[in-house]
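Report on the structure given below.
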Amino acid sequence: MAKRIDENGNPDSRVKNEAVIRLQRIEGQVRGLSRLIQSDVYSKNILNQFSSIKSALNSARNLLLKGYIQNNVADKFKKDRLSTTEELIDIFKKVSK
């Protein structure tokens with residue numbers, strides 16, 4: 001499997017590009033949501049848009065998280081299980097809020 005994270009823990013260019021494209025789509029969704037709210041069109045569509053945006057953000061975050069775990073945590077775990085486990089627990093606490 002090709003590394004999707006570089007030696008410093010940063011995503012490689014493919015992952016970066018994919019993440020940026022996803023974030024640009026999310027940015028468009030947020031602008032569209034803002035326009036809906038400003039136009040005083042209150043409906044369940046507005047609430048659905050919030051859910052869609054949250055889901056898209058989670059997906060972008062998970063893309064980066066997956067690469068980080070696959071490429072950085074696996075190597076760290078072999079060297080130091082305890083601190084790597086604690087690091088993973090901290091990461092999952094942060095992303096599950």
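Chain labels run A, B, ... following the order of the structure tokens; each chain numbers its residues from 1, and ligands are numbered from 1 in the order shown.
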
Neighbour list for stretch 93-97 of chain A as a list in words, cut-off 12 Å, only C-alpha atoms, skip fewer than 6 positions in-chain: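 Here the qualifying residues turn out to be Leu57, Asn58, Ser59, Ala60, Arg61, Asn62, Leu64, Leu65, Glu86 and Glu87 of chain A.
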
Selected residues written out with N, CA and C atoms, as a PDB file, in the first residue's frame:
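Okay, this is what ended up in part12.pdb:
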ATOM      1  N   LEU A  57     -18.198  17.141   6.304  1.00  0.00           N
ATOM      2  CA  LEU A  57     -17.029  17.464   7.132  1.00  0.00           C
ATOM      3  C   LEU A  57     -16.464  16.208   7.784  1.00  0.00           C
ATOM      4  N   ASN A  58     -17.343  15.361   8.303  1.00  0.00           N
ATOM      5  CA  ASN A  58     -16.887  14.115   8.914  1.00  0.00           C
ATOM      6  C   ASN A  58     -16.159  13.241   7.894  1.00  0.00           C
ATOM      7  N   SER A  59     -16.668  13.210   6.682  1.00  0.00           N
ATOM      8  CA  SER A  59     -16.050  12.409   5.627  1.00  0.00           C
ATOM      9  C   SER A  59     -14.651  12.927   5.292  1.00  0.00           C
ATOM     10  N   ALA A  60     -14.498  14.224   5.190  1.00  0.00           N
ATOM     11  CA  ALA A  60     -13.186  14.820   4.909  1.00  0.00           C
ATOM     12  C   ALA A  60     -12.218  14.549   6.063  1.00  0.00           C
ATOM     13  N   ARG A  61     -12.703  14.694   7.272  1.00  0.00           N
ATOM     14  CA  ARG A  61     -11.864  14.412   8.444  1.00  0.00           C
ATOM     15  C   ARG A  61     -11.448  12.947   8.459  1.00  0.00           C
ATOM     16  N   ASN A  62     -12.378  12.052   8.154  1.00  0.00           N
ATOM     17  CA  ASN A  62     -12.084  10.626   8.183  1.00  0.00           C
ATOM     18  C   ASN A  62     -11.073  10.224   7.112  1.00  0.00           C
ATOM     19  N   LEU A  64      -8.516  12.011   6.151  1.00  0.00           N
ATOM     20  CA  LEU A  64      -7.205  12.340   6.720  1.00  0.00           C
ATOM     21  C   LEU A  64      -6.874  11.439   7.906  1.00  0.00           C
ATOM     22  N   LEU A  65      -7.857  11.149   8.724  1.00  0.00           N
ATOM     23  CA  LEU A  65      -7.651  10.294   9.889  1.00  0.00           C
ATOM     24  C   LEU A  65      -7.237   8.887   9.473  1.00  0.00           C
ATOM     25  N   GLU A  86      -2.615   5.612  23.822  1.00  0.00           N
ATOM     26  CA  GLU A  86      -3.104   6.852  24.431  1.00  0.00           C
ATOM     27  C   GLU A  86      -3.334   7.929  23.369  1.00  0.00           C
ATOM     28  N   GLU A  87      -2.438   8.008  22.397  1.00  0.00           N
ATOM     29  CA  GLU A  87      -2.597   8.970  21.305  1.00  0.00           C
ATOM     30  C   GLU A  87      -3.885   8.690  20.524  1.00  0.00           C
TER      31      GLU A  87
END

Could you pull out the residues in chain A that DSSP calls alpha helix (DSSP H) from the backbone, as a JSON list (two decimals) with N, CA and C atoms, in the first residue's frame?
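Writing the result to out.json gives the following:
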[["chain", "number", "residue", "atom", "x", "y", "z"],
["A", 13, "SER", "N", 0.12, 14.45, -1.59],
["A", 13, "SER", "CA", -0.58, 15.40, -2.45],
["A", 13, "SER", "C", -1.94, 14.88, -2.92],
["A", 14, "ARG", "N", -2.08, 13.57, -3.13],
["A", 14, "ARG", "CA", -3.39, 13.04, -3.55],
["A", 14, "ARG", "C", -4.43, 13.24, -2.46],
["A", 15, "VAL", "N", -4.05, 12.93, -1.23],
["A", 15, "VAL", "CA", -4.98, 13.08, -0.11],
["A", 15, "VAL", "C", -5.28, 14.56, 0.11],
["A", 16, "LYS", "N", -4.24, 15.39, 0.02],
["A", 16, "LYS", "CA", -4.46, 16.84, 0.17],
["A", 16, "LYS", "C", -5.44, 17.35, -0.87],
["A", 17, "ASN", "N", -5.22, 16.95, -2.12],
["A", 17, "ASN", "CA", -6.11, 17.40, -3.19],
["A", 17, "ASN", "C", -7.54, 16.93, -2.97],
["A", 18, "GLU", "N", -7.69, 15.68, -2.59],
["A", 18, "GLU", "CA", -9.03, 15.14, -2.33],
["A", 18, "GLU", "C", -9.69, 15.88, -1.17],
["A", 19, "ALA", "N", -8.92, 16.13, -0.12],
["A", 19, "ALA", "CA", -9.47, 16.86, 1.04],
["A", 19, "ALA", "C", -9.85, 18.28, 0.66],
["A", 20, "VAL", "N", -9.01, 18.96, -0.11],
["A", 20, "VAL", "CA", -9.31, 20.33, -0.53],
["A", 20, "VAL", "C", -10.56, 20.37, -1.40],
["A", 21, "ILE", "N", -10.69, 19.42, -2.32],
["A", 21, "ILE", "CA", -11.89, 19.37, -3.17],
["A", 21, "ILE", "C", -13.13, 19.17, -2.32],
["A", 22, "ARG", "N", -13.06, 18.28, -1.36],
["A", 22, "ARG", "CA", -14.21, 18.06, -0.47],
["A", 22, "ARG", "C", -14.53, 19.33, 0.32],
["A", 23, "LEU", "N", -13.50, 20.00, 0.82],
["A", 23, "LEU", "CA", -13.74, 21.23, 1.59],
["A", 23, "LEU", "C", -14.30, 22.35, 0.72],
["A", 24, "GLN", "N", -13.90, 22.41, -0.52],
["A", 24, "GLN", "CA", -14.46, 23.41, -1.43],
["A", 24, "GLN", "C", -15.94, 23.14, -1.68],
["A", 25, "ARG", "N", -16.30, 21.86, -1.80],
["A", 25, "ARG", "CA", -17.73, 21.51, -1.95],
["A", 25, "ARG", "C", -18.50, 21.92, -0.70],
["A", 26, "ILE", "N", -17.91, 21.65, 0.45],
["A", 26, "ILE", "CA", -18.55, 22.02, 1.72],
["A", 26, "ILE", "C", -18.72, 23.53, 1.80],
["A", 27, "GLU", "N", -17.70, 24.25, 1.37],
["A", 27, "GLU", "CA", -17.78, 25.71, 1.36],
["A", 27, "GLU", "C", -18.97, 26.17, 0.52],
["A", 28, "GLY", "N", -19.17, 25.55, -0.63],
["A", 28, "GLY", "CA", -20.32, 25.88, -1.48],
["A", 28, "GLY", "C", -21.64, 25.54, -0.79],
["A", 29, "GLN", "N", -21.67, 24.41, -0.09],
["A", 29, "GLN", "CA", -22.87, 24.04, 0.65],
["A", 29, "GLN", "C", -23.20, 25.07, 1.73],
["A", 30, "VAL", "N", -22.16, 25.54, 2.42],
["A", 30, "VAL", "CA", -22.37, 26.52, 3.49],
["A", 30, "VAL", "C", -22.87, 27.84, 2.91],
["A", 31, "ARG", "N", -22.28, 28.26, 1.78],
["A", 31, "ARG", "CA", -22.77, 29.49, 1.13],
["A", 31, "ARG", "C", -24.24, 29.34, 0.71],
["A", 32, "GLY", "N", -24.58, 28.18, 0.15],
["A", 32, "GLY", "CA", -25.97, 27.94, -0.24],
["A", 32, "GLY", "C", -26.90, 27.96, 0.96],
["A", 33, "LEU", "N", -26.47, 27.39, 2.05],
["A", 33, "LEU", "CA", -27.27, 27.39, 3.27],
["A", 33, "LEU", "C", -27.46, 28.81, 3.77],
["A", 34, "SER", "N", -26.41, 29.59, 3.74],
["A", 34, "SER", "CA", -26.49, 30.98, 4.16],
["A", 34, "SER", "C", -27.50, 31.75, 3.31],
["A", 35, "ARG", "N", -27.46, 31.52, 2.00],
["A", 35, "ARG", "CA", -28.43, 32.19, 1.11],
["A", 35, "ARG", "C", -29.86, 31.77, 1.44],
["A", 36, "LEU", "N", -30.07, 30.50, 1.72],
["A", 36, "LEU", "CA", -31.42, 30.04, 2.08],
["A", 36, "LEU", "C", -31.90, 30.75, 3.34],
["A", 37, "ILE", "N", -31.05, 30.83, 4.33],
["A", 37, "ILE", "CA", -31.44, 31.47, 5.59],
["A", 37, "ILE", "C", -31.69, 32.96, 5.37],
["A", 38, "GLN", "N", -30.83, 33.62, 4.60],
["A", 38, "GLN", "CA", -31.00, 35.05, 4.34],
["A", 38, "GLN", "C", -32.28, 35.33, 3.55],
["A", 44, "LYS", "N", -37.66, 22.36, 6.20],
["A", 44, "LYS", "CA", -36.85, 21.22, 6.62],
["A", 44, "LYS", "C", -35.62, 21.08, 5.74],
["A", 45, "ASN", "N", -35.62, 21.69, 4.55],
["A", 45, "ASN", "CA", -34.45, 21.64, 3.68],
["A", 45, "ASN", "C", -33.24, 22.30, 4.34],
["A", 46, "ILE", "N", -33.48, 23.36, 5.09],
["A", 46, "ILE", "CA", -32.39, 24.04, 5.79],
["A", 46, "ILE", "C", -31.78, 23.09, 6.83],
["A", 47, "LEU", "N", -32.64, 22.41, 7.57],
["A", 47, "LEU", "CA", -32.14, 21.47, 8.57],
["A", 47, "LEU", "C", -31.41, 20.31, 7.91],
["A", 48, "ASN", "N", -31.91, 19.86, 6.76],
["A", 48, "ASN", "CA", -31.24, 18.78, 6.02],
["A", 48, "ASN", "C", -29.86, 19.23, 5.55],
["A", 49, "GLN", "N", -29.74, 20.49, 5.16],
["A", 49, "GLN", "CA", -28.45, 21.00, 4.71],
["A", 49, "GLN", "C", -27.42, 20.99, 5.83],
["A", 50, "PHE", "N", -27.86, 21.32, 7.05],
["A", 50, "PHE", "CA", -26.94, 21.24, 8.19],
["A", 50, "PHE", "C", -26.41, 19.81, 8.35],
["A", 51, "SER", "N", -27.29, 18.83, 8.24],
["A", 51, "SER", "CA", -26.88, 17.44, 8.35],
["A", 51, "SER", "C", -25.92, 17.04, 7.23],
["A", 52, "SER", "N", -26.22, 17.50, 6.03],
["A", 52, "SER", "CA", -25.36, 17.18, 4.88],
["A", 52, "SER", "C", -23.96, 17.77, 5.05],
["A", 53, "ILE", "N", -23.91, 19.00, 5.54],
["A", 53, "ILE", "CA", -22.61, 19.66, 5.75],
["A", 53, "ILE", "C", -21.82, 18.94, 6.84],
["A", 54, "LYS", "N", -22.49, 18.59, 7.91],
["A", 54, "LYS", "CA", -21.80, 17.87, 9.00],
["A", 54, "LYS", "C", -21.27, 16.53, 8.49],
["A", 55, "SER", "N", -22.07, 15.83, 7.72],
["A", 55, "SER", "CA", -21.64, 14.55, 7.16],
["A", 55, "SER", "C", -20.44, 14.72, 6.23],
["A", 56, "ALA", "N", -20.47, 15.75, 5.41],
["A", 56, "ALA", "CA", -19.36, 16.01, 4.48],
["A", 56, "ALA", "C", -18.08, 16.35, 5.24],
["A", 57, "LEU", "N", -18.20, 17.14, 6.30],
["A", 57, "LEU", "CA", -17.03, 17.46, 7.13],
["A", 57, "LEU", "C", -16.46, 16.21, 7.78],
["A", 58, "ASN", "N", -17.34, 15.36, 8.30],
["A", 58, "ASN", "CA", -16.89, 14.12, 8.91],
["A", 58, "ASN", "C", -16.16, 13.24, 7.89],
["A", 59, "SER", "N", -16.67, 13.21, 6.68],
["A", 59, "SER", "CA", -16.05, 12.41, 5.63],
["A", 59, "SER", "C", -14.65, 12.93, 5.29],
["A", 60, "ALA", "N", -14.50, 14.22, 5.19],
["A", 60, "ALA", "CA", -13.19, 14.82, 4.91],
["A", 60, "ALA", "C", -12.22, 14.55, 6.06],
["A", 61, "ARG", "N", -12.70, 14.69, 7.27],
["A", 61, "ARG", "CA", -11.86, 14.41, 8.44],
["A", 61, "ARG", "C", -11.45, 12.95, 8.46],
["A", 62, "ASN", "N", -12.38, 12.05, 8.15],
["A", 62, "ASN", "CA", -12.08, 10.63, 8.18],
["A", 62, "ASN", "C", -11.07, 10.22, 7.11],
["A", 63, "LEU", "N", -11.10, 10.90, 5.99],
["A", 63, "LEU", "CA", -10.11, 10.66, 4.93],
["A", 63, "LEU", "C", -8.70, 10.89, 5.48],
["A", 64, "LEU", "N", -8.52, 12.01, 6.15],
["A", 64, "LEU", "CA", -7.21, 12.34, 6.72],
["A", 64, "LEU", "C", -6.87, 11.44, 7.91],
["A", 65, "LEU", "N", -7.86, 11.15, 8.72],
["A", 65, "LEU", "CA", -7.65, 10.29, 9.89],
["A", 65, "LEU", "C", -7.24, 8.89, 9.47],
["A", 66, "LYS", "N", -7.89, 8.35, 8.47],
["A", 66, "LYS", "CA", -7.58, 7.01, 7.98],
["A", 66, "LYS", "C", -6.11, 6.92, 7.53],
["A", 67, "GLY", "N", -5.69, 7.88, 6.74],
["A", 67, "GLY", "CA", -4.31, 7.88, 6.27],
["A", 67, "GLY", "C", -3.33, 8.01, 7.41],
["A", 68, "TYR", "N", -3.65, 8.86, 8.37],
["A", 68, "TYR", "CA", -2.77, 9.04, 9.52],
["A", 68, "TYR", "C", -2.62, 7.74, 10.29],
["A", 74, "ALA", "N", 0.45, 2.82, 12.89],
["A", 74, "ALA", "CA", 0.89, 1.42, 12.81],
["A", 74, "ALA", "C", 2.37, 1.30, 13.14],
["A", 75, "ASP", "N", 3.20, 2.17, 12.58],
["A", 75, "ASP", "CA", 4.64, 2.13, 12.86],
["A", 75, "ASP", "C", 4.93, 2.49, 14.32],
["A", 76, "LYS", "N", 4.24, 3.51, 14.82],
["A", 76, "LYS", "CA", 4.45, 3.92, 16.21],
["A", 76, "LYS", "C", 4.04, 2.82, 17.18],
["A", 77, "PHE", "N", 2.95, 2.12, 16.84],
["A", 77, "PHE", "CA", 2.43, 1.09, 17.72],
["A", 77, "PHE", "C", 3.45, -0.03, 17.92],
["A", 78, "LYS", "N", 4.19, -0.36, 16.89],
["A", 78, "LYS", "CA", 5.21, -1.40, 16.98],
["A", 78, "LYS", "C", 6.30, -1.01, 17.97],
["A", 79, "LYS", "N", 6.58, 0.29, 18.08],
["A", 79, "LYS", "CA", 7.66, 0.77, 18.93],
["A", 79, "LYS", "C", 7.21, 1.04, 20.36],
["A", 81, "ARG", "N", 3.56, 0.72, 22.30],
["A", 81, "ARG", "CA", 2.11, 0.45, 22.32],
["A", 81, "ARG", "C", 1.35, 1.39, 23.25],
["A", 82, "LEU", "N", 1.88, 1.61, 24.43],
["A", 82, "LEU", "CA", 1.15, 2.38, 25.45],
["A", 82, "LEU", "C", 0.91, 3.82, 25.00],
["A", 83, "SER", "N", 1.97, 4.52, 24.61],
["A", 83, "SER", "CA", 1.78, 5.93, 24.24],
["A", 83, "SER", "C", 0.99, 6.05, 22.93],
["A", 84, "THR", "N", 1.15, 5.08, 22.03],
["A", 84, "THR", "CA", 0.40, 5.12, 20.78],
["A", 84, "THR", "C", -1.07, 4.87, 21.05],
["A", 85, "THR", "N", -1.38, 3.95, 21.95],
["A", 85, "THR", "CA", -2.77, 3.70, 22.33],
["A", 85, "THR", "C", -3.38, 4.95, 22.95],
["A", 86, "GLU", "N", -2.61, 5.61, 23.82],
["A", 86, "GLU", "CA", -3.10, 6.85, 24.43],
["A", 86, "GLU", "C", -3.33, 7.93, 23.37],
["A", 87, "GLU", "N", -2.44, 8.01, 22.40],
["A", 87, "GLU", "CA", -2.60, 8.97, 21.30],
["A", 87, "GLU", "C", -3.88, 8.69, 20.52],
["A", 88, "LEU", "N", -4.13, 7.42, 20.22],
["A", 88, "LEU", "CA", -5.36, 7.06, 19.50],
["A", 88, "LEU", "C", -6.60, 7.39, 20.30],
["A", 89, "ILE", "N", -6.57, 7.12, 21.58],
["A", 89, "ILE", "CA", -7.71, 7.44, 22.44],
["A", 89, "ILE", "C", -7.96, 8.94, 22.42],
["A", 90, "ASP", "N", -6.91, 9.74, 22.52],
["A", 90, "ASP", "CA", -7.06, 11.20, 22.46],
["A", 90, "ASP", "C", -7.65, 11.64, 21.13],
["A", 91, "ILE", "N", -7.16, 11.05, 20.04],
["A", 91, "ILE", "CA", -7.67, 11.41, 18.71],
["A", 91, "ILE", "C", -9.17, 11.07, 18.64],
["A", 92, "PHE", "N", -9.53, 9.87, 19.05],
["A", 92, "PHE", "CA", -10.94, 9.49, 18.95],
["A", 92, "PHE", "C", -11.85, 10.31, 19.86],
["A", 93, "LYS", "N", -11.32, 10.72, 21.02],
["A", 93, "LYS", "CA", -12.10, 11.61, 21.88],
["A", 93, "LYS", "C", -12.39, 12.93, 21.17],
["A", 94, "LYS", "N", -11.38, 13.46, 20.50],
["A", 94, "LYS", "CA", -11.54, 14.75, 19.81],
["A", 94, "LYS", "C", -12.49, 14.64, 18.62],
["A", 95, "VAL", "N", -12.37, 13.58, 17.86],
["A", 95, "VAL", "CA", -13.20, 13.48, 16.65],
["A", 95, "VAL", "C", -14.62, 13.03, 16.95]]
